[in-house]
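Here is the file target-v1.txt (compact mmCIF, C-alpha atoms).
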```txt
# COMPACT_ATOMS: atom_id res chain seq x y z
CA MET A 1 66.86 143.28 63.55
CA SER A 2 67.78 146.92 63.00
CA GLN A 3 64.85 149.18 62.21
CA ASP A 4 66.71 150.67 59.24
CA VAL A 5 67.60 147.34 57.61
CA ILE A 6 65.24 147.96 54.67
CA GLU A 7 67.09 151.18 53.92
CA HIS A 8 70.29 149.17 53.60
CA ILE A 9 68.79 146.38 51.50
CA ALA A 10 66.65 148.35 49.03
CA PRO A 11 69.54 150.03 47.14
CA VAL A 12 71.23 146.63 46.73
CA ILE A 13 68.05 144.95 45.49
CA ASN A 14 67.58 147.70 42.91
CA SER A 15 71.23 148.03 41.91
CA GLY A 16 71.32 145.19 39.40
CA PHE A 17 74.06 143.45 41.43
CA ILE A 18 73.14 141.25 44.39
CA GLY A 19 76.03 138.75 44.45
CA GLU A 20 79.29 139.04 46.38
CA GLY A 21 80.28 142.64 45.82
CA PRO A 22 81.03 145.99 47.49
CA LYS A 23 78.64 145.54 50.44
CA ASN A 24 80.37 142.29 51.26
CA VAL A 25 83.72 144.07 51.31
CA LEU A 26 82.32 146.73 53.64
CA PHE A 27 80.89 144.10 55.98
CA GLU A 28 84.16 142.17 56.02
CA ASN A 29 85.96 145.36 56.97
CA GLU A 30 83.51 145.96 59.82
CA LEU A 31 84.11 142.43 61.06
CA LYS A 32 87.86 142.97 60.95
CA ARG A 33 87.39 146.08 63.09
CA THR A 34 85.03 144.30 65.48
CA LEU A 35 87.29 141.26 65.92
CA ASP A 36 90.49 143.32 65.78
CA TYR A 37 91.85 140.84 63.23
CA GLN A 38 92.68 141.15 59.55
CA ASN A 39 92.28 137.70 58.01
CA VAL A 40 88.47 137.43 58.04
CA LEU A 41 86.31 135.98 55.26
CA THR A 42 82.53 136.31 55.10
CA LEU A 43 80.64 133.16 54.13
CA ASN A 44 77.06 132.01 53.63
CA SER A 45 76.84 130.19 56.99
CA GLY A 46 78.76 129.24 60.09
CA THR A 47 78.57 125.63 58.91
CA SER A 48 80.35 126.61 55.69
CA ALA A 49 83.00 128.33 57.80
CA LEU A 50 83.60 125.11 59.72
CA HIS A 51 83.57 123.02 56.55
CA LEU A 52 86.21 125.26 55.02
CA ALA A 53 88.32 125.16 58.19
CA TYR A 54 88.23 121.35 58.22
CA HIS A 55 89.12 121.29 54.51
CA LEU A 56 92.20 123.41 55.19
CA ALA A 57 93.24 121.42 58.27
CA ILE A 58 92.71 117.99 56.69
CA ASN A 59 94.29 119.04 53.41
CA HIS A 60 92.90 116.09 51.40
CA ASP A 61 94.14 113.46 53.88
CA ARG A 62 91.49 110.69 53.79
CA ASP A 63 92.87 109.06 56.94
CA ALA A 64 92.50 112.24 58.98
CA GLU A 65 91.02 112.35 62.47
CA ILE A 66 89.47 115.38 64.16
CA ILE A 67 89.11 115.57 67.95
CA THR A 68 85.82 117.28 68.77
CA PRO A 69 83.16 117.52 71.50
CA SER A 70 79.83 115.77 71.22
CA MET A 71 77.85 118.32 73.26
CA THR A 72 77.20 120.85 70.51
CA CYS A 73 75.04 121.57 67.51
CA SER A 74 75.42 118.83 64.90
CA ALA A 75 76.59 121.58 62.53
CA THR A 76 79.93 121.44 64.37
CA ASN A 77 80.54 117.83 63.39
CA VAL A 78 78.63 117.11 60.18
CA PRO A 79 81.30 118.96 58.13
CA ILE A 80 83.96 116.60 59.53
CA VAL A 81 82.37 113.54 57.94
CA ALA A 82 81.47 115.60 54.86
CA ASN A 83 85.22 116.17 54.47
CA GLY A 84 85.86 112.42 54.69
CA ALA A 85 87.55 112.52 58.11
CA ARG A 86 86.93 110.47 61.24
CA ILE A 87 85.58 111.89 64.48
CA VAL A 88 87.32 111.26 67.80
CA TRP A 89 85.03 112.41 70.59
CA ALA A 90 86.50 114.50 73.41
CA ASP A 91 84.81 114.75 76.79
CA ILE A 92 83.85 118.06 78.39
CA ASP A 93 83.78 119.75 81.75
CA PRO A 94 80.47 118.57 83.25
CA ILE A 95 79.54 122.06 84.46
CA SER A 96 80.86 124.54 81.86
CA GLY A 97 80.17 122.31 78.85
CA ASN A 98 83.53 123.24 77.32
CA ILE A 99 86.05 120.68 76.08
CA ASP A 100 88.30 119.32 78.85
CA PRO A 101 91.94 119.85 77.79
CA ASN A 102 93.16 117.35 80.40
CA HIS A 103 91.90 114.46 78.26
CA LEU A 104 93.15 115.64 74.88
CA GLU A 105 96.65 114.18 74.68
CA SER A 106 95.39 110.62 75.16
CA LEU A 107 93.22 111.06 72.04
CA ILE A 108 95.95 112.31 69.70
CA THR A 109 97.37 109.88 67.13
CA LYS A 110 99.53 110.22 64.03
CA LYS A 111 96.28 110.73 62.10
CA THR A 112 95.07 113.68 64.19
CA LYS A 113 94.82 116.87 62.13
CA ALA A 114 92.91 119.21 64.42
CA ILE A 115 91.15 119.81 67.73
CA THR A 116 87.74 121.47 67.54
CA VAL A 117 86.80 123.76 70.41
CA VAL A 118 83.21 124.87 71.06
CA HIS A 119 82.76 127.90 73.32
CA TRP A 120 79.56 126.73 75.00
CA GLY A 121 77.10 129.61 75.38
CA GLY A 122 79.82 132.12 74.53
CA ASN A 123 82.12 131.18 77.43
CA PRO A 124 85.66 130.79 76.04
CA ALA A 125 87.39 127.46 76.53
CA ASP A 126 90.93 127.21 77.94
CA LEU A 127 92.61 128.26 74.70
CA ASP A 128 96.13 128.56 76.08
CA LYS A 129 96.24 124.96 77.27
CA ILE A 130 94.54 123.64 74.13
CA ASN A 131 96.85 125.53 71.77
CA GLN A 132 99.91 124.42 73.76
CA ILE A 133 98.89 120.79 73.26
CA ALA A 134 98.16 121.36 69.57
CA HIS A 135 101.52 123.07 69.03
CA LYS A 136 103.30 120.18 70.76
CA TYR A 137 101.86 117.70 68.25
CA ASN A 138 101.83 120.06 65.23
CA ILE A 139 98.06 119.96 64.78
CA LYS A 140 95.52 122.71 64.18
CA VAL A 141 92.96 124.25 66.52
CA ILE A 142 89.54 125.07 65.10
CA GLU A 143 87.24 127.20 67.25
CA ASP A 144 83.50 126.90 66.76
CA ALA A 145 82.64 130.41 67.96
CA ALA A 146 79.01 130.33 66.82
CA HIS A 147 77.98 131.39 70.35
CA ALA A 148 80.97 133.57 71.07
CA ILE A 149 81.25 136.68 68.92
CA GLY A 150 82.22 139.53 71.24
CA ALA A 151 83.60 137.21 73.92
CA THR A 152 87.18 137.81 75.08
CA TYR A 153 89.98 135.58 76.29
CA LYS A 154 92.87 137.19 78.17
CA GLY A 155 91.91 140.63 76.89
CA LYS A 156 91.64 139.69 73.21
CA LYS A 157 88.48 139.10 71.21
CA ILE A 158 87.63 135.52 70.30
CA GLY A 159 88.89 135.27 66.72
CA CYS A 160 92.55 136.04 67.46
CA HIS A 161 93.85 132.95 69.26
CA SER A 162 93.84 129.86 67.05
CA ASP A 163 94.35 128.63 63.49
CA TYR A 164 90.70 128.88 62.39
CA ILE A 165 87.73 130.52 64.12
CA ALA A 166 84.23 130.04 62.71
CA PHE A 167 81.38 132.47 63.45
CA SER A 168 77.66 132.14 62.76
CA PHE A 169 75.31 134.98 61.80
CA GLN A 170 72.25 132.75 61.63
CA ALA A 171 68.84 134.17 62.52
CA ILE A 172 69.02 134.03 66.32
CA LYS A 173 72.66 134.88 66.96
CA HIS A 174 73.88 138.13 68.56
CA LEU A 175 74.65 139.39 65.06
CA THR A 176 72.43 138.18 62.26
CA THR A 177 72.71 138.53 58.51
CA ILE A 178 69.56 136.35 58.24
CA ASP A 179 71.96 133.53 57.37
CA GLY A 180 75.70 133.83 57.13
CA GLY A 181 79.03 133.25 58.78
CA ALA A 182 82.68 134.17 58.82
CA LEU A 183 86.05 132.49 59.19
CA ALA A 184 89.09 134.07 60.82
CA ILE A 185 92.35 132.48 59.68
CA ARG A 186 95.80 132.76 61.25
CA LEU A 187 98.16 132.08 58.33
CA ASN A 188 98.20 134.34 55.28
CA ASP A 189 98.68 131.42 52.88
CA ASP A 190 95.63 129.66 54.34
CA PHE A 191 93.66 132.89 54.06
CA LYS A 192 94.52 133.31 50.38
CA ARG A 193 93.63 129.68 49.69
CA ALA A 194 90.32 129.96 51.57
CA LYS A 195 89.40 133.12 49.68
CA LEU A 196 89.64 131.14 46.45
CA LEU A 197 87.88 128.08 47.82
CA ARG A 198 84.82 130.00 49.01
CA TRP A 199 83.91 130.58 45.34
CA PHE A 200 84.70 127.25 43.59
CA GLY A 201 88.45 127.95 43.68
CA ILE A 202 88.10 130.78 41.17
CA ASP A 203 90.34 133.82 41.47
CA ARG A 204 87.74 136.58 41.09
CA ASN A 205 90.46 139.24 40.88
CA ALA A 206 91.79 137.72 37.66
CA SER A 207 89.91 137.29 34.41
CA SER A 208 90.32 136.36 30.79
CA LYS A 209 91.66 139.08 28.50
CA HIS A 210 88.60 138.87 26.30
CA ASP A 211 85.71 137.67 28.46
CA LEU A 212 85.07 138.77 32.03
CA ARG A 213 82.82 135.74 32.61
CA CYS A 214 85.48 133.16 31.71
CA GLU A 215 87.81 132.36 34.58
CA ILE A 216 91.47 131.51 34.24
CA ASP A 217 92.75 128.06 35.26
CA VAL A 218 91.23 126.81 38.56
CA LYS A 219 93.83 124.87 40.52
CA GLU A 220 91.75 123.43 43.39
CA ALA A 221 88.05 122.56 43.53
CA GLY A 222 86.20 124.73 46.00
CA TYR A 223 82.68 125.52 47.15
CA LYS A 224 79.87 128.03 46.75
CA PHE A 225 80.30 129.40 50.25
CA HIS A 226 80.46 133.16 49.63
CA MET A 227 78.15 135.71 51.24
CA ASN A 228 76.03 137.90 48.97
CA ASP A 229 75.52 141.66 49.19
CA VAL A 230 71.95 141.34 50.47
CA ASN A 231 73.05 139.40 53.55
CA ALA A 232 76.07 141.67 53.95
CA SER A 233 73.74 144.70 53.95
CA VAL A 234 71.71 143.18 56.76
CA GLY A 235 74.95 142.62 58.64
CA LEU A 236 76.05 146.21 58.13
CA SER A 237 72.73 147.38 59.50
CA ASN A 238 72.94 145.17 62.59
CA ILE A 239 76.61 145.18 63.51
CA LYS A 240 76.46 148.68 64.96
CA PHE A 241 74.25 147.31 67.76
CA LEU A 242 76.41 144.28 68.56
CA ASP A 243 78.36 145.71 71.50
CA ASP A 244 75.20 147.05 73.12
CA LEU A 245 73.35 143.74 72.76
CA ILE A 246 76.22 141.74 74.26
CA ALA A 247 76.48 144.24 77.13
CA LYS A 248 72.79 143.67 77.92
CA HIS A 249 73.26 139.89 77.87
CA ARG A 250 76.15 140.27 80.34
CA ILE A 251 74.11 142.50 82.64
CA ASN A 252 71.31 139.92 82.68
CA ALA A 253 73.82 137.14 83.40
CA GLN A 254 75.32 139.12 86.28
CA TYR A 255 71.84 139.60 87.71
CA PHE A 256 71.20 135.84 87.62
CA ASP A 257 74.63 135.10 89.11
CA LEU A 258 73.82 137.31 92.08
CA GLU A 259 70.27 136.08 92.59
CA PHE A 260 71.17 132.38 92.36
CA SER A 261 74.33 132.67 94.43
CA GLY A 262 72.54 131.71 97.66
CA TYR A 263 71.05 128.55 96.16
CA GLN A 264 74.15 126.61 95.12
CA GLY A 265 72.79 123.53 96.87
CA LYS A 266 70.16 123.05 94.19
CA ILE A 267 71.17 125.41 91.36
CA LYS A 268 74.70 125.08 90.03
CA LEU A 269 75.93 127.81 87.71
CA ALA A 270 78.12 127.08 84.71
CA ASN A 271 81.65 128.07 85.71
CA GLN A 272 83.27 130.77 83.59
CA THR A 273 86.82 130.49 82.29
CA ALA A 274 89.39 132.59 84.16
CA ASN A 275 90.59 135.78 82.46
CA SER A 276 87.74 135.70 79.98
CA LYS A 277 84.41 137.41 79.35
CA SER A 278 81.52 135.38 77.98
CA SER A 279 79.19 136.79 75.35
CA TYR A 280 76.39 134.94 77.18
CA TRP A 281 74.52 133.78 74.12
CA LEU A 282 73.30 131.18 76.60
CA TYR A 283 72.97 131.23 80.38
CA THR A 284 73.35 127.68 81.68
CA ILE A 285 72.34 126.29 85.04
CA HIS A 286 72.41 122.73 86.39
CA VAL A 287 69.62 121.16 88.41
CA ASP A 288 68.84 117.56 89.36
CA ASN A 289 65.22 117.82 88.16
CA ARG A 290 65.95 119.41 84.78
CA ASP A 291 63.01 117.96 82.83
CA GLU A 292 60.53 118.72 85.62
CA LEU A 293 61.87 122.27 85.87
CA MET A 294 61.50 122.77 82.12
CA ALA A 295 57.87 121.69 82.31
CA ARG A 296 57.17 123.93 85.29
CA LEU A 297 58.75 126.95 83.63
CA SER A 298 56.76 126.31 80.46
CA GLN A 299 53.54 126.31 82.51
CA GLU A 300 54.60 129.71 83.89
CA GLY A 301 55.18 131.08 80.38
CA ILE A 302 58.98 130.93 80.58
CA MET A 303 60.89 129.35 77.70
CA SER A 304 63.87 127.18 78.60
CA SER A 305 65.86 124.70 76.55
CA LYS A 306 68.67 122.17 76.47
CA VAL A 307 69.60 123.86 73.17
CA HIS A 308 71.80 120.99 71.97
CA SER A 309 72.04 117.25 72.60
CA PRO A 310 75.09 114.97 72.43
CA ASN A 311 76.04 114.28 68.82
CA HIS A 312 77.61 110.88 69.49
CA ARG A 313 74.13 109.40 69.99
CA HIS A 314 73.05 110.22 66.43
CA THR A 315 72.94 107.33 63.97
CA MET A 316 74.96 109.35 61.46
CA PHE A 317 77.92 109.27 63.89
CA ALA A 318 77.50 105.65 65.03
CA ASN A 319 80.92 104.61 63.68
CA PHE A 320 82.68 106.93 66.12
CA ASN A 321 80.83 106.12 69.36
CA ARG A 322 82.67 106.09 72.70
CA HIS A 323 81.80 106.52 76.36
CA LEU A 324 81.73 110.17 77.45
CA PRO A 325 80.87 110.22 81.18
CA ALA A 326 81.18 113.98 81.73
CA THR A 327 79.08 114.68 78.64
CA ASP A 328 76.40 112.36 80.04
CA ILE A 329 76.40 114.28 83.34
CA PHE A 330 76.15 117.63 81.60
CA GLU A 331 73.34 116.44 79.34
CA LYS A 332 71.22 115.19 82.26
CA THR A 333 71.38 118.35 84.37
CA HIS A 334 71.96 121.38 82.13
CA LEU A 335 69.28 123.92 81.27
CA CYS A 336 69.48 127.27 79.50
CA ILE A 337 67.18 130.05 80.67
CA PRO A 338 66.44 133.35 78.90
CA VAL A 339 69.32 135.84 79.06
CA GLY A 340 68.63 137.95 75.95
CA TRP A 341 68.79 141.69 75.58
CA TRP A 342 64.98 141.87 75.41
CA LEU A 343 64.40 140.85 79.05
CA THR A 344 62.70 143.42 81.25
CA GLU A 345 63.26 143.80 84.98
CA ASP A 346 59.93 142.05 85.57
CA ASP A 347 60.98 139.21 83.26
CA ARG A 348 64.21 138.67 85.15
CA GLN A 349 62.48 138.71 88.54
CA LYS A 350 59.89 136.19 87.35
CA ILE A 351 62.55 133.86 85.92
CA VAL A 352 64.55 133.93 89.16
CA GLU A 353 61.47 133.42 91.33
CA LYS A 354 60.21 130.43 89.35
CA VAL A 355 63.60 128.74 88.94
CA ILE A 356 64.25 128.98 92.68
CA ARG A 357 60.75 127.75 93.48
CA TYR A 358 60.83 124.66 91.25
CA ALA A 359 64.49 123.63 91.13
CA LYS A 360 65.49 120.61 93.23
```
Would you give me this structure, written as structure tokens?
Amino acid sequence: MSQDVIEHIAPVINSGFIGEGPKNVLFENELKRTLDYQNVLTLNSGTSALHLAYHLAINHDRDAEIITPSMTCSATNVPIVANGARIVWADIDPISGNIDPNHLESLITKKTKAITVVHWGGNPADLDKINQIAHKYNIKVIEDAAHAIGATYKGKKIGCHSDYIAFSFQAIKHLTTIDGGALAIRLNDDFKRAKLLRWFGIDRNASSKHDLRCEIDVKEAGYKFHMNDVNASVGLSNIKFLDDLIAKHRINAQYFDLEFSGYQGKIKLANQTANSKSSYWLYTIHVDNRDELMARLSQEGIMSSKVHSPNHRHTMFANFNRHLPATDIFEKTHLCIPVGWWLTEDDRQKIVEKVIRYAK
């Protein structure tokens, strides 16, 4: 959190206007600059961004299917069922954790409306291959980029490659607005529609001739998904540090890559996608004794985590269950160790020493 965040928030709190207003516009403009993309909408959460993307892709089709990975936060997939669509689980690469494009075509039916891509830990998936498949079958690609702001794929920032790209600014992301999110949208017509839908479907640029508070005809029911000026002010305070924070994550990841490189027999590193740069929101390793290693690291005062568990095992998704062998492999061996900007040189050395000592 920026040290001057209170200076940004106080004028908004005392202004008499704390809803979606001028600070939100400023923050959206900063995001457009950061992502190098124009069609960006701020929202109240990354989950809302995904929900809105699914709404646009499904377009009221109650027989719709969405192809999506199971190894992710449940926030990726809850909005699918909330939109009335069916989930079709896609398997992943057992080391990177990203969706495996080689299995996608066998999952596509006449009901398929979109493929959801999660950039695990900030490592971009193979977007060229995925978008080629989607284009072939005239379906949409939705990127869950909650981990991936600042990541690049073939020289372009994540946010520029697919139909819809959802970002999260939740409390522990690289960029936080305390809670919040954004949606980048390829087509101008979709962008205009989404801008209405984020506030009930109301056109806030049009008003009654006699009463500012009375909206003109609302053509499509929307949501209360907008970001307010308080959250936007927090974002404006923090976004100026984003590049520096991501750079520090990458430096820490490079350090671990080098230190673990001689121990590939017992510590496998998550492979990074060619021609891309991860944001390294997570640093993932694979070991055969994952649970034992977690316990050992905890005893040494080192936090580690699986971060997410396979969604297809949740009761709420029981109707969509299928066998996902690569997901099962990933889930049994993966572990995320600290990679954040706050690590000191001593922290990094300790993490490396203990992981090497206890991994099997």
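Taking CA of Asp229 (chain A) and CA of Ile178 (chain A) as the two end points, the separation is 12.1 Å.
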Each side padded by 5 Å, which centre and which edge lengths in Å (one decimal) define the axis-aligned box around the listed atoms of region 313-328 of chain A? Give them as JSON.
```
{"center_x": 77.8, "center_y": 109.6, "center_z": 71.6, "size_x": 19.7, "size_y": 20.1, "size_z": 30.3}
```
So which residues touch Ser74 (chain A) within 9 Å, counting only C-alpha atoms, skipping near sequence neighbours fewer than 6 positions away, as an mmCIF file with C-alpha atoms, keeping the file's coordinate frame?
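out.cif, written as the output of this step:
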```
data_model
loop_
_atom_site.group_PDB
_atom_site.id
_atom_site.type_symbol
_atom_site.label_atom_id
_atom_site.label_comp_id
_atom_site.auth_asym_id
_atom_site.auth_seq_id
_atom_site.Cartn_x
_atom_site.Cartn_y
_atom_site.Cartn_z
ATOM 1 C CA HIS A 308 71.800 120.990 71.970
ATOM 2 C CA SER A 309 72.040 117.250 72.600
ATOM 3 C CA PRO A 310 75.090 114.970 72.430
ATOM 4 C CA ASN A 311 76.040 114.280 68.820
#
```
Given only C-alpha atoms as the basis, pick out the residue of A:Ala194, A:Met303, A:Ile139, A:Ala359 nearest to Asn289 (chain A).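 Of all the options, A:Ala359 lies closest to Asn289 (chain A).
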CA of Leu236 (chain A) to CA of Glu7 (chain A), straight-line distance in Å: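 These atoms are spaced 11.1 Å apart.
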Find, counting only C-alpha atoms, the residue in A:Lys113, A:Lys129, A:Arg193, A:His174 that gets nearest to Ala146 (chain A).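 Answer, going by the shortest atom-to-atom distance: A:His174.
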Can you pull out the residues contacting Leu282 (chain A)? Cut-off 9 Å, using all atoms listed in the file, and skip same-chain residues under 6 positions away; I want them as a VMD selection string. chain A and resid 120 to 123 147 249 307 336 to 340
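Atom to atom, CA of Asn138 (chain A) and CA of Gly201 (chain A) stand 26.6 Å apart.
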Among A:Pro325, A:Gly159, A:Gly181, A:Gly301, Thr34 (chain A) is approached most closely, using all atoms listed in the file, by A:Gly159
Quick one: of A:Val234, A:Ile99, A:Ala10, A:Ala221, who's nearest to Asp203 (chain A), counting all atoms listed in the file?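 Once distances to Asp203 (chain A) are computed over all atoms listed in the file, the minimum belongs to A:Ala221.
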Using only C-alpha atoms, determine which residues lie at most 9 Å from region 44-46 of chain A, disregarding the query and same-chain residues fewer than 4 positions distant; provide the list as an MDAnalysis selection string. chainID A and resid 50:51 75:76 144:146 166:170 179:183 224:228 231
Go through A:Pro101, A:Gly21, A:Gly150, A:Pro79 and flag the residue nearest Tyr54 (chain A), using only C-alpha atoms for the distances. A:Pro79
Closest of A:Leu127, A:Val230, A:Leu196, A:Val355 to Asn275 (chain A) - atom-to-atom distances counting all atoms listed in the file: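 Result for the nearest residue to Asn275 (chain A): A:Leu127.
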Give me, as an MDAnalysis selection string, all polymer residues having an atom no more than 12 Å from Val81 (chain A), counting all atoms listed in the file and skipping those fewer than 6 positions away in the same chain. chainID A and resid 50:51 54:55 58 62:66 68 74:75 87:88 316:320
So that I can see what lies close to Ile67 (chain A), please list as a PDB file with C-alpha atoms, keeping the file's coordinate frame the residues with an atom at most 8 Å from it, counting all atoms listed in the file and leaving out residues fewer than 4 positions away in the same chain.
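New file result.pdb:
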```
ATOM      1  CA  ILE A  87      85.580 111.890  64.480  1.00  0.00           C
ATOM      2  CA  VAL A  88      87.320 111.260  67.800  1.00  0.00           C
ATOM      3  CA  TRP A  89      85.030 112.410  70.590  1.00  0.00           C
ATOM      4  CA  ALA A  90      86.500 114.500  73.410  1.00  0.00           C
ATOM      5  CA  LEU A 107      93.220 111.060  72.040  1.00  0.00           C
ATOM      6  CA  ILE A 108      95.950 112.310  69.700  1.00  0.00           C
ATOM      7  CA  THR A 112      95.070 113.680  64.190  1.00  0.00           C
ATOM      8  CA  ALA A 114      92.910 119.210  64.420  1.00  0.00           C
ATOM      9  CA  ILE A 115      91.150 119.810  67.730  1.00  0.00           C
ATOM     10  CA  THR A 116      87.740 121.470  67.540  1.00  0.00           C
TER      11      THR A 116
END
```
